[in-house]
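Peer 1: Next comes start-v2.txt, compact mmCIF, C-alpha atoms:
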```txt
# COMPACT_ATOMS: atom_id res chain seq x y z
CA LEU A 292 -7.29 16.39 23.36
CA GLU A 293 -4.59 19.03 22.94
CA ALA A 294 -7.12 21.46 21.48
CA ILE A 295 -9.49 20.83 24.40
CA ASP A 296 -6.67 21.37 26.90
CA ARG A 297 -5.75 24.66 25.21
CA ALA A 298 -9.39 25.77 25.30
CA LEU A 299 -9.65 24.95 29.00
CA SER A 300 -6.40 26.75 29.76
CA LEU A 301 -7.98 29.88 28.28
CA ASN A 302 -11.41 29.26 29.79
CA PRO A 303 -11.58 26.64 32.56
CA GLU A 304 -15.37 26.91 32.44
CA SER A 305 -15.70 26.09 28.74
CA LEU A 306 -18.82 23.93 28.84
CA LYS A 307 -18.31 22.53 25.34
CA SER A 308 -14.76 21.44 26.13
CA LEU A 309 -15.77 19.81 29.39
CA SER A 310 -18.69 18.12 27.63
CA LEU A 311 -16.30 16.59 25.10
CA LEU A 312 -14.01 15.35 27.87
CA GLY A 313 -17.01 14.00 29.78
CA ALA A 314 -18.34 12.18 26.72
CA LYS A 315 -14.96 10.57 26.06
CA ALA A 316 -14.70 9.42 29.67
CA ALA A 317 -18.26 8.06 29.59
CA LEU A 318 -17.68 6.16 26.34
CA GLU A 319 -14.49 4.64 27.71
CA GLU A 320 -16.29 3.79 31.00
CA ARG A 321 -13.79 5.76 33.06
CA THR A 322 -16.31 6.32 35.83
CA GLN A 323 -14.02 8.21 38.19
CA ASP A 324 -12.78 10.54 35.46
CA PHE A 325 -16.35 11.28 34.38
CA ALA A 326 -17.31 12.04 37.99
CA GLU A 327 -14.39 14.46 38.31
CA ILE A 328 -15.27 16.24 35.05
CA ARG A 329 -18.89 16.49 36.13
CA ALA A 330 -17.75 17.93 39.48
CA ARG A 331 -15.77 20.61 37.59
CA VAL A 332 -18.97 21.61 35.79
CA ASP A 333 -21.03 21.49 38.98
CA ALA A 334 -18.55 23.87 40.62
CA PHE A 335 -19.65 26.72 38.34
CA SER A 336 -23.02 25.41 37.07
CA PRO A 337 -24.56 22.69 39.26
CA SER A 338 -26.39 19.90 37.35
CA ASN A 339 -26.01 21.80 34.09
CA PRO A 340 -28.54 20.26 31.67
CA GLN A 341 -26.51 21.24 28.59
CA PHE A 342 -23.51 19.27 29.83
CA LEU A 343 -25.65 16.23 30.57
CA GLY A 344 -27.45 16.60 27.24
CA ASP A 345 -24.24 16.93 25.23
CA VAL A 346 -22.81 13.78 26.80
CA ALA A 347 -26.12 11.96 26.24
CA ASP A 348 -26.08 13.02 22.59
CA THR A 349 -22.58 11.63 22.07
CA LEU A 350 -23.45 8.38 23.80
CA GLY A 351 -26.54 7.97 21.65
CA ARG A 352 -24.57 8.56 18.45
CA GLN A 353 -22.27 5.73 19.53
CA TYR A 354 -25.23 3.37 20.10
CA ARG A 355 -24.99 3.59 23.89
CA PHE A 356 -28.71 4.20 24.14
CA LEU A 357 -29.32 3.06 27.72
CA GLU A 358 -26.65 5.39 29.08
CA ALA A 359 -27.92 8.21 26.85
CA VAL A 360 -31.46 7.77 28.15
CA ALA A 361 -30.27 7.90 31.77
CA LEU A 362 -28.36 11.15 31.24
CA ALA A 363 -31.20 12.72 29.23
CA ARG A 364 -33.56 11.97 32.12
CA GLU A 365 -31.10 13.64 34.51
CA ALA A 366 -30.89 16.69 32.25
CA ILE A 367 -34.67 17.07 32.21
CA ALA A 368 -34.88 16.56 35.97
CA SER A 369 -32.29 19.31 36.39
CA ASP A 370 -34.20 21.71 34.14
CA PRO A 371 -37.70 20.71 32.96
CA ASN A 372 -37.51 23.58 30.43
CA TYR A 373 -34.47 22.09 28.69
CA TRP A 374 -36.48 21.13 25.61
CA GLN A 375 -33.59 19.56 23.74
CA GLY A 376 -33.48 17.03 26.57
CA TYR A 377 -36.90 15.71 25.56
CA THR A 378 -35.72 15.26 21.97
CA LEU A 379 -32.62 13.42 23.19
CA LEU A 380 -34.67 11.25 25.51
CA GLY A 381 -37.30 10.51 22.88
CA SER A 382 -34.87 9.73 20.06
CA ASN A 383 -32.88 7.32 22.20
CA LEU A 384 -35.96 5.63 23.62
CA ILE A 385 -37.32 4.86 20.15
CA ARG A 386 -34.00 3.27 19.25
CA LEU A 387 -34.56 0.98 22.20
CA GLY A 388 -38.03 0.14 20.90
CA GLU A 389 -39.79 2.21 23.58
CA GLU A 390 -42.10 3.78 21.02
CA VAL A 391 -44.87 5.16 23.24
CA GLU A 392 -42.67 6.94 25.78
CA GLY A 393 -40.24 7.99 23.08
CA ARG A 394 -42.91 9.61 20.94
CA LYS A 395 -44.44 11.32 23.97
CA ASN A 396 -41.11 12.99 24.77
CA LEU A 397 -40.57 14.00 21.15
CA GLU A 398 -43.99 15.67 21.21
CA ILE A 399 -43.13 17.57 24.40
CA GLY A 400 -39.91 18.76 22.78
CA PHE A 401 -41.68 19.83 19.60
CA ASP A 402 -44.56 21.57 21.39
CA ASN A 403 -42.06 23.79 23.16
CA ASP A 404 -39.44 24.09 20.42
CA PRO A 405 -41.21 23.70 17.04
CA PHE A 406 -38.10 24.86 15.16
CA ASN A 407 -36.10 21.75 16.07
CA VAL A 408 -35.89 20.10 12.64
CA MET A 409 -34.94 16.66 13.91
CA THR A 410 -37.90 16.52 16.30
CA SER A 411 -40.29 17.70 13.61
CA ASN A 412 -38.95 15.15 11.12
CA MET A 413 -39.29 12.22 13.49
CA LEU A 414 -42.85 13.11 14.45
CA LYS A 415 -43.82 13.29 10.77
CA VAL A 416 -42.52 9.75 10.38
CA TYR A 417 -44.79 8.65 13.21
CA ASP A 418 -47.70 10.10 11.26
CA THR A 419 -46.68 7.72 8.48
CA LEU A 420 -46.35 4.82 10.91
CA ASP A 421 -49.88 5.51 12.16
CA SER A 422 -51.11 4.54 8.69
CA TYR A 423 -49.15 1.27 8.68
CA VAL A 424 -50.32 -2.13 9.85
CA THR A 425 -48.65 -4.18 12.57
CA VAL A 426 -48.01 -7.89 12.18
CA GLU A 427 -46.32 -10.25 14.61
CA SER A 428 -44.57 -13.58 14.65
CA GLU A 429 -43.06 -15.52 17.54
CA HIS A 430 -40.04 -13.24 17.94
CA PHE A 431 -40.79 -10.15 15.85
CA LYS A 432 -43.17 -7.21 15.72
CA VAL A 433 -43.28 -5.54 12.31
CA ASN A 434 -44.73 -2.20 11.16
CA LEU A 435 -45.23 -1.96 7.39
CA SER A 436 -47.59 -0.56 4.80
CA GLU A 437 -50.84 -2.33 4.10
CA LYS A 438 -49.49 -3.32 0.68
CA ASP A 439 -46.31 -4.79 2.15
CA GLY A 440 -48.43 -6.49 4.79
CA GLN A 441 -50.22 -8.37 2.06
CA VAL A 442 -47.35 -8.95 -0.38
CA LEU A 443 -44.14 -8.96 1.68
CA TRP A 444 -45.13 -10.41 5.05
CA PRO A 445 -45.81 -13.98 3.83
CA TYR A 446 -42.16 -14.12 2.69
CA LEU A 447 -40.64 -11.96 5.42
CA GLU A 448 -42.08 -13.86 8.39
CA PRO A 449 -40.48 -17.26 7.64
CA LEU A 450 -37.16 -15.59 6.78
CA LEU A 451 -37.10 -13.71 10.07
CA GLU A 452 -37.87 -16.80 12.10
CA GLU A 453 -35.25 -18.78 10.16
CA SER A 454 -32.66 -16.10 10.91
CA TRP A 455 -33.63 -16.23 14.59
CA ASP A 456 -33.36 -20.02 14.79
CA THR A 457 -30.10 -20.19 12.82
CA LEU A 458 -28.15 -17.35 14.37
CA THR A 459 -29.27 -17.72 17.99
CA ALA A 460 -28.22 -21.38 17.84
CA LYS A 461 -24.92 -20.52 16.18
CA TYR A 462 -23.96 -17.84 18.72
CA GLY A 463 -25.56 -19.49 21.75
CA PHE A 464 -27.43 -16.29 22.59
CA GLU A 465 -31.10 -15.37 22.54
CA PRO A 466 -31.76 -11.62 22.16
CA GLU A 467 -34.33 -9.74 24.19
CA GLY A 468 -37.46 -9.44 22.12
CA PRO A 469 -39.75 -8.99 20.47
CA ILE A 470 -37.53 -7.33 17.89
CA LEU A 471 -39.27 -4.31 16.38
CA ILE A 472 -38.89 -3.98 12.60
CA GLN A 473 -40.19 -1.01 10.64
CA VAL A 474 -40.32 -1.29 6.84
CA PHE A 475 -40.70 2.06 5.08
CA GLU A 476 -42.02 2.60 1.57
CA ASN A 477 -40.31 5.99 1.39
CA SER A 478 -36.52 6.16 1.70
CA GLN A 479 -36.71 9.58 3.38
CA ASP A 480 -39.00 8.18 6.08
CA PHE A 481 -36.50 5.37 6.58
CA ALA A 482 -33.64 7.85 6.92
CA VAL A 483 -35.50 10.12 9.34
CA ARG A 484 -36.60 7.21 11.55
CA SER A 485 -33.01 6.01 11.59
CA VAL A 486 -31.00 9.22 12.09
CA GLY A 487 -33.48 12.11 12.21
CA LEU A 488 -32.53 13.54 8.81
CA PRO A 489 -33.96 12.72 5.36
CA ASP A 490 -30.69 11.70 3.69
CA ILE A 491 -28.71 8.69 4.83
CA GLY A 492 -26.78 7.99 1.65
CA PRO A 493 -26.73 4.44 0.29
CA LEU A 494 -27.80 2.68 3.48
CA VAL A 495 -30.93 0.52 3.16
CA GLY A 496 -31.12 -1.13 6.57
CA ILE A 497 -30.06 -0.16 10.10
CA CYS A 498 -30.08 -2.09 13.37
CA PHE A 499 -30.03 -0.49 16.80
CA GLY A 500 -30.00 -3.70 18.83
CA LYS A 501 -33.71 -4.17 19.52
CA VAL A 502 -34.98 -2.21 16.51
CA ILE A 503 -34.37 -2.67 12.79
CA THR A 504 -35.37 -0.13 10.14
CA LEU A 505 -35.61 -1.16 6.49
CA ILE A 506 -36.60 0.17 3.10
CA SER A 507 -39.41 -1.75 1.43
CA PRO A 508 -38.24 -4.15 -1.32
CA ASP A 509 -40.69 -2.27 -3.55
CA THR A 510 -38.14 0.57 -3.78
CA LEU A 511 -34.94 -1.51 -3.61
CA SER A 512 -32.59 -2.82 -6.26
CA ALA A 513 -30.62 -4.78 -3.64
CA ASN A 514 -31.47 -8.24 -2.31
CA TRP A 515 -33.91 -7.52 0.53
CA GLN A 516 -33.58 -11.03 2.00
CA GLU A 517 -29.83 -10.67 2.35
CA ILE A 518 -30.34 -7.28 4.02
CA VAL A 519 -32.81 -8.72 6.53
CA TRP A 520 -30.39 -11.52 7.43
CA HIS A 521 -27.51 -9.04 7.75
CA GLU A 522 -29.49 -6.77 10.07
CA PHE A 523 -30.67 -9.60 12.31
CA ALA A 524 -27.05 -10.70 12.72
CA HIS A 525 -26.51 -7.22 14.14
CA VAL A 526 -29.31 -7.82 16.65
CA VAL A 527 -27.42 -10.82 17.98
CA THR A 528 -23.96 -9.26 18.13
CA LEU A 529 -25.10 -5.86 19.45
CA GLN A 530 -27.23 -7.33 22.21
CA MET A 531 -24.51 -9.83 23.14
CA THR A 532 -22.08 -6.97 23.73
CA GLY A 533 -24.42 -4.31 25.11
CA ASN A 534 -23.93 -2.26 21.92
CA LYS A 535 -20.20 -1.97 22.69
CA LEU A 536 -18.94 -3.81 19.61
CA PRO A 537 -16.66 -1.79 17.27
CA ARG A 538 -18.53 -0.98 14.09
CA TRP A 539 -16.02 -2.72 11.84
CA LEU A 540 -16.38 -5.97 13.77
CA SER A 541 -20.16 -5.78 13.91
CA GLU A 542 -20.35 -5.11 10.17
CA GLY A 543 -17.73 -7.73 9.41
CA ILE A 544 -19.71 -10.43 11.20
CA SER A 545 -22.95 -9.41 9.50
CA VAL A 546 -21.31 -9.42 6.07
CA TRP A 547 -19.83 -12.85 6.83
CA GLU A 548 -23.25 -14.16 7.84
CA GLU A 549 -24.78 -13.05 4.54
CA ARG A 550 -23.03 -15.82 2.62
CA GLU A 551 -23.47 -18.23 5.51
CA GLY A 552 -27.21 -17.66 5.19
CA ARG A 553 -27.28 -18.51 1.48
CA PRO A 554 -24.30 -19.40 -0.73
CA TYR A 555 -25.57 -17.03 -3.42
CA TRP A 556 -25.81 -14.05 -1.05
CA GLY A 557 -22.88 -11.88 -0.05
CA ARG A 558 -20.47 -9.47 -1.68
CA SER A 559 -18.14 -10.32 -4.56
CA GLN A 560 -15.42 -7.71 -4.23
CA GLY A 561 -12.27 -9.80 -4.49
CA LEU A 562 -10.96 -7.64 -7.33
CA ASP A 563 -11.54 -4.49 -5.24
CA LEU A 564 -9.51 -6.10 -2.46
CA VAL A 565 -6.59 -6.81 -4.81
CA ARG A 566 -6.67 -3.26 -6.17
CA ALA A 567 -6.74 -1.79 -2.66
CA TRP A 568 -3.72 -3.91 -1.73
CA GLU A 569 -1.84 -2.85 -4.85
CA GLN A 570 -2.61 0.81 -4.17
CA ASP A 571 -1.73 0.49 -0.47
CA LYS A 572 -5.28 1.46 0.52
CA LEU A 573 -6.05 -1.43 2.87
CA LEU A 574 -6.79 -0.12 6.35
CA PRO A 575 -5.01 -1.59 9.40
CA PHE A 576 -7.19 -3.03 12.15
CA ALA A 577 -6.85 0.08 14.30
CA ASP A 578 -8.31 2.22 11.50
CA LEU A 579 -11.08 -0.04 10.20
CA ASP A 580 -13.81 2.10 11.77
CA LYS A 581 -12.49 5.06 9.77
CA GLY A 582 -13.46 3.19 6.62
CA PHE A 583 -17.07 3.96 7.58
CA SER A 584 -16.76 7.40 9.17
CA GLY A 585 -14.29 8.62 6.56
CA ALA A 586 -15.89 7.15 3.43
CA GLN A 587 -15.88 9.71 0.61
CA ASN A 588 -18.45 7.96 -1.57
CA SER A 589 -20.67 4.88 -1.84
CA ALA A 590 -17.83 2.79 -3.27
CA ASP A 591 -15.60 3.58 -0.28
CA LEU A 592 -18.41 2.69 2.10
CA GLY A 593 -19.17 -0.56 0.31
CA PHE A 594 -15.51 -1.57 0.45
CA ALA A 595 -15.39 -0.76 4.17
CA TYR A 596 -18.09 -3.38 4.71
CA PHE A 597 -16.21 -5.92 2.60
CA GLN A 598 -12.80 -5.34 4.20
CA SER A 599 -14.31 -5.61 7.68
```
Show me this structure written as structure tokens.

Peer 2:
Amino acid sequence: LEAIDRALSLNPESLKSLSLLGAKAALEERTQDFAEIRARVDAFSPSNPQFLGDVADTLGRQYRFLEAVALAREAIASDPNYWQGYTLLGSNLIRLGEEVEGRKNLEIGFDNDPFNVMTSNMLKVYDTLDSYVTVESEHFKVNLSEKDGQVLWPYLEPLLEESWDTLTAKYGFEPEGPILIQVFENSQDFAVRSVGLPDIGPLVGICFGKVITLISPDTLSANWQEIVWHEFAHVVTLQMTGNKLPRWLSEGISVWEEREGRPYWGRSQGLDLVRAWEQDKLLPFADLDKGFSGAQNSADLGFAYFQS
């Protein structure tokens, strides 16, 4: 904040600085502060689409997809030629499971800005999804390859419905469905559908609240059943809290539910915990989220899940 204040003292109309302040206020739900920051922008650039888009982008990165969608729509309404707004709108809509409208906006963005790598990547993934089959159960809609439809689905369907029955009863909450699950044969497609870029490190499953993306067990060395259970636990906790749960707590609950699902699932990292304690590397509660954002390697990231 000090750096932002210094920037604004030198240039009170620094759009980037005001966007950062606006995003922080929006994330913290300080409605009046956000309105005042927006008024400062409006004073020199009324309804500036870049400001609205920057705040929407930050909200989306923090899983606040509904708020991001609303601001992206405002940005486009302010300037229909703000092509990045269509990418922001589309990428956040597809994380809400609004595939048709999301893809339509991504296509508008790409048609007018074909050099946007993220937009191009995501549309290529939809070309892959067009070749997939769609299967459904009582609470889930699943896109997967024809091969996985034949081999995986007979095992995946009962596991999904078991996770629904078990965890909704345990938490006394029934998520809004159907839950969309997309199972990718190619890890790069999985990464692009999840974050827009082809490299997502060691992650093999991601939940956005109403959407889960997975890598096909055909390319996994990890236990795919455990991953599915873990990700559906996220569906419950994220929807219960409107996607406002701290990451460490969301991950901690999902890791806990792995072993609750089956006694032979879960992570065995007790020795890592002892070593971290001996080396004074255990993170305090206030810094648990930094275990994810500040992980230097796969081992650090894996331990962040376990400590949470």

Peer 1: Show which residues sit within 9 Å of Val546 of chain A, as a short mmCIF file (atom, residue, chain, number, x, y, z; two decimals) with C-alpha atoms, in the coordinates of the input. Count all atoms listed in the file, and ignore same-chain residues fewer than 6 positions away.

Peer 2:
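Just written: out25.cif:
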```cif
data_model
loop_
_atom_site.label_atom_id
_atom_site.label_comp_id
_atom_site.auth_asym_id
_atom_site.auth_seq_id
_atom_site.Cartn_x
_atom_site.Cartn_y
_atom_site.Cartn_z
CA HIS A 521 -27.51 -9.04 7.75
CA ALA A 524 -27.05 -10.70 12.72
CA GLY A 557 -22.88 -11.88 -0.05
CA ARG A 558 -20.47 -9.47 -1.68
CA TYR A 596 -18.09 -3.38 4.71
CA PHE A 597 -16.21 -5.92 2.60
CA SER A 599 -14.31 -5.61 7.68
#
```

Peer 1: For a test of reading the model, state the distance in Å between atom CA of Ile503 of chain A and atom CA of Gln353 of chain A, rounded to one decimal.

Peer 2: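 Distance between the two atoms: 16.2 Å.
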
Peer 1: Atom CA of Leu447 of chain A to atom CA of Leu471 of chain A: how many Å, to one decimal?

Peer 2: 13.4 Å

Peer 1: Pick out the residues sitting within 10 Å of segment 434-444 of chain A, and hand them over as number ranges by chain; count all atoms listed in the file, and ignore anything fewer than 4 positions along from it in its own chain.

Peer 2: A: 419-427, 448-450, 471-476, 504-509

Peer 1: Report, in Å with one decimal, the straight-line distance from atom CA of Glu522 of chain A to atom CA of Gly463 of chain A.

Peer 2: 17.7 Å

Peer 1: Which residue is closest to Pro340 of chain A? Choose from A:Leu301, A:Met413, A:Ala326, A:Leu306 and count all atoms listed in the file.

Peer 2: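 Of the candidates, the smallest distance to Pro340 of chain A is held by A:Leu306.
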
Peer 1: Could you name the residues that touch Trp547 of chain A at 12 Å or less, counting all atoms listed in the file, but leaving out those on the same chain fewer than 2 positions away, as an MDAnalysis selection string?

Peer 2: chainID A and resid 517 520:522 524:525 539:545 549:554 556:559 596:599

Peer 1: Which residues are close to Tyr462 of chain A, i.e. within 9 Å by all atoms listed in the file, leaving aside same-chain residues fewer than 4 positions away? Reply as a ChimeraX atom specification.

Peer 2: /A:457-458,527-528

Peer 1: Within 12 Å of (-35.1, -12.4, 24.7) (coordinates as in the file), grab all the protein and nucleic acid residues, counting all atoms listed in the file, and write them out as a count of residues only.

Peer 2: 18

Peer 1: What's the 10 Å shell around Ile385 of chain A, counting only C-alpha atoms, without same-chain residues fewer than 3 positions away, as a ChimeraX atom specification?

Peer 2: /A:356,380-382,388-394,397,484-485,499,501-502

Peer 1: Between A:Leu574, A:Ala347, A:Ala482, A:Ala314, which residue has the minimum interatomic distance to Glu365 of chain A, considering all atoms listed in the file?

Peer 2: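 Closest residue, counting all atoms listed in the file: A:Ala347.
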
Peer 1: With distances taken over only C-alpha atoms, which of A:Asn383, A:Thr510, A:Gln587, A:Ser300 is nearest to Leu350 of chain A?

Peer 2: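 Of all the options, A:Asn383 lies closest to Leu350 of chain A.
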
Peer 1: Pick out the closest residue to Ile491 of chain A from this set: A:Ala317, A:Ser478, A:Glu358, A:Glu453. Count all atoms listed in the file.

Peer 2: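 The closest residue to Ile491 of chain A is A:Ser478.
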
Peer 1: From the list A:Tyr354, A:Asp480, A:Trp515, A:Asn403, which residue is nearest Arg538 of chain A when using all atoms listed in the file?

Peer 2: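 Residue with the minimum atom-to-atom distance to Arg538 of chain A: A:Tyr354.
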